[in-house]
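Read through the structure below, which is laid out as structure tokens, and then see the notes.
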Amino acid sequence: MALPLPKTCVREVKNIILYHTNPKNAPGYDLLTGAVLKELPQKGFRALTQIYNACLRLEHFPRYWKIGQIIMIAKPGKDPIEVTSY
């Protein structure tokens, strides 16, 4: 069994969202964009921090946080059959 991860604080969550989240990135499964997260009030940051700390304490992350969708877009003018075209 691994050592438990240390709790995170509201300031840390807020700084990561405000300074390390690209507002132009596509939303995840929950449809929350970086722009929406950056507009959270202080109460929203506290709620997210509590959720993250509960995930760390319980060593459980929601299944939907682990789902991703990759959409391959070919470079313009390249053969879509070639791997190097993406």
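Please note that chains go A, B, ... in the order of the structure tokens, that every chain numbers its residues from 1, and that ligands are numbered from 1 in the order shown.
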
Problem set entry | Sel. of helix (DSSP H, G or I) residues, chain A, as an MDAnalysis selection string | chainID A and resid 10:20 34:38 42:58 63:66 83:85

Keeping N, CA and C atoms, export the residues of the selection given above as a CSV table (one decimal), in the first residue's frame.
```csv
chain,number,residue,atom,x,y,z
A,10,VAL,N,-7.0,25.2,-1.3
A,10,VAL,CA,-7.8,26.0,-2.2
A,10,VAL,C,-6.9,26.8,-3.1
A,11,ARG,N,-5.9,27.4,-2.5
A,11,ARG,CA,-5.0,28.3,-3.2
A,11,ARG,C,-4.3,27.6,-4.3
A,12,GLU,N,-3.9,26.3,-4.1
A,12,GLU,CA,-3.2,25.5,-5.1
A,12,GLU,C,-4.1,25.2,-6.3
A,13,VAL,N,-5.4,24.8,-5.9
A,13,VAL,CA,-6.3,24.5,-7.0
A,13,VAL,C,-6.6,25.7,-7.8
A,14,LYS,N,-6.8,26.8,-7.1
A,14,LYS,CA,-7.2,28.1,-7.8
A,14,LYS,C,-6.0,28.5,-8.7
A,15,ASN,N,-4.8,28.4,-8.3
A,15,ASN,CA,-3.6,28.8,-9.1
A,15,ASN,C,-3.5,27.9,-10.3
A,16,ILE,N,-3.7,26.7,-10.1
A,16,ILE,CA,-3.6,25.7,-11.3
A,16,ILE,C,-4.6,26.1,-12.3
A,17,ILE,N,-5.9,26.3,-11.9
A,17,ILE,CA,-6.9,26.6,-12.8
A,17,ILE,C,-6.7,28.0,-13.5
A,18,LEU,N,-6.3,29.0,-12.7
A,18,LEU,CA,-6.2,30.3,-13.3
A,18,LEU,C,-5.0,30.5,-14.2
A,19,TYR,N,-3.8,29.8,-13.8
A,19,TYR,CA,-2.6,30.1,-14.5
A,19,TYR,C,-2.1,28.9,-15.4
A,20,HIS,N,-2.7,27.7,-15.3
A,20,HIS,CA,-2.2,26.6,-16.0
A,20,HIS,C,-3.3,25.9,-16.8
A,34,GLY,N,-12.1,25.4,-19.9
A,34,GLY,CA,-11.2,26.1,-19.1
A,34,GLY,C,-11.7,27.5,-18.8
A,35,ALA,N,-12.4,28.1,-19.8
A,35,ALA,CA,-13.0,29.4,-19.6
A,35,ALA,C,-14.0,29.4,-18.4
A,36,VAL,N,-14.8,28.3,-18.4
A,36,VAL,CA,-15.9,28.2,-17.3
A,36,VAL,C,-15.2,28.1,-16.0
A,37,LEU,N,-14.2,27.2,-15.9
A,37,LEU,CA,-13.5,27.0,-14.6
A,37,LEU,C,-12.8,28.3,-14.1
A,38,LYS,N,-12.3,29.1,-15.0
A,38,LYS,CA,-11.6,30.3,-14.6
A,38,LYS,C,-12.6,31.3,-14.0
A,42,GLN,N,-15.2,31.9,-5.4
A,42,GLN,CA,-14.3,31.3,-4.4
A,42,GLN,C,-15.0,30.0,-3.8
A,43,LYS,N,-16.3,30.0,-3.7
A,43,LYS,CA,-17.0,28.9,-3.2
A,43,LYS,C,-16.9,27.7,-4.1
A,44,GLY,N,-16.8,27.9,-5.4
A,44,GLY,CA,-16.6,26.8,-6.4
A,44,GLY,C,-15.2,26.2,-6.3
A,45,PHE,N,-14.2,27.1,-6.0
A,45,PHE,CA,-12.8,26.6,-5.8
A,45,PHE,C,-12.7,25.7,-4.6
A,46,ARG,N,-13.4,26.1,-3.5
A,46,ARG,CA,-13.5,25.4,-2.3
A,46,ARG,C,-14.1,24.0,-2.5
A,47,ALA,N,-15.2,24.0,-3.3
A,47,ALA,CA,-15.9,22.7,-3.5
A,47,ALA,C,-15.0,21.8,-4.3
A,48,LEU,N,-14.4,22.3,-5.4
A,48,LEU,CA,-13.5,21.5,-6.1
A,48,LEU,C,-12.3,20.9,-5.3
A,49,THR,N,-11.8,21.7,-4.4
A,49,THR,CA,-10.7,21.3,-3.5
A,49,THR,C,-11.2,20.1,-2.6
A,50,GLN,N,-12.4,20.3,-2.1
A,50,GLN,CA,-13.0,19.2,-1.2
A,50,GLN,C,-13.2,17.9,-2.0
A,51,ILE,N,-13.6,18.0,-3.3
A,51,ILE,CA,-13.8,16.9,-4.1
A,51,ILE,C,-12.4,16.2,-4.4
A,52,TYR,N,-11.4,17.0,-4.7
A,52,TYR,CA,-10.1,16.4,-5.0
A,52,TYR,C,-9.5,15.7,-3.8
A,53,ASN,N,-9.7,16.4,-2.6
A,53,ASN,CA,-9.1,15.8,-1.4
A,53,ASN,C,-9.9,14.5,-1.0
A,54,ALA,N,-11.2,14.5,-1.3
A,54,ALA,CA,-11.9,13.2,-1.0
A,54,ALA,C,-11.4,12.1,-2.0
A,55,CYS,N,-11.2,12.4,-3.2
A,55,CYS,CA,-10.6,11.4,-4.2
A,55,CYS,C,-9.3,10.9,-3.7
A,56,LEU,N,-8.4,11.8,-3.2
A,56,LEU,CA,-7.1,11.4,-2.7
A,56,LEU,C,-7.3,10.5,-1.5
A,57,ARG,N,-8.1,10.9,-0.6
A,57,ARG,CA,-8.3,10.2,0.7
A,57,ARG,C,-8.9,8.8,0.5
A,58,LEU,N,-9.9,8.7,-0.4
A,58,LEU,CA,-10.5,7.5,-0.7
A,58,LEU,C,-9.8,6.6,-1.7
A,63,ARG,N,-15.1,7.4,-12.7
A,63,ARG,CA,-14.8,6.7,-14.0
A,63,ARG,C,-14.8,7.7,-15.1
A,64,TYR,N,-15.7,8.7,-15.0
A,64,TYR,CA,-15.8,9.6,-16.1
A,64,TYR,C,-14.6,10.6,-16.2
A,65,TRP,N,-13.8,10.7,-15.1
A,65,TRP,CA,-12.6,11.5,-15.2
A,65,TRP,C,-11.5,10.8,-15.9
A,66,LYS,N,-11.7,9.5,-16.2
A,66,LYS,CA,-10.7,8.7,-16.9
A,66,LYS,C,-11.0,8.5,-18.4
A,83,VAL,N,0.6,7.6,-41.5
A,83,VAL,CA,0.6,8.0,-40.1
A,83,VAL,C,1.2,9.4,-39.9
A,84,THR,N,2.2,9.7,-40.7
A,84,THR,CA,2.9,11.0,-40.5
A,84,THR,C,2.0,12.2,-40.9
A,85,SER,N,0.8,11.9,-41.4
A,85,SER,CA,-0.1,13.0,-41.9
A,85,SER,C,-0.9,13.6,-40.7
```

For this session: Please identify all polymer residues within 12 Å of A:Ile67, counting only C-alpha atoms, omitting same-chain residues fewer than 5 positions from it, and present them as a count of residues only.
Result: 6

Exercise. In Å to one decimal, how far is atom CA of A:Tyr86 from atom CA of A:Gln69?
Worked result: 15.7 Å
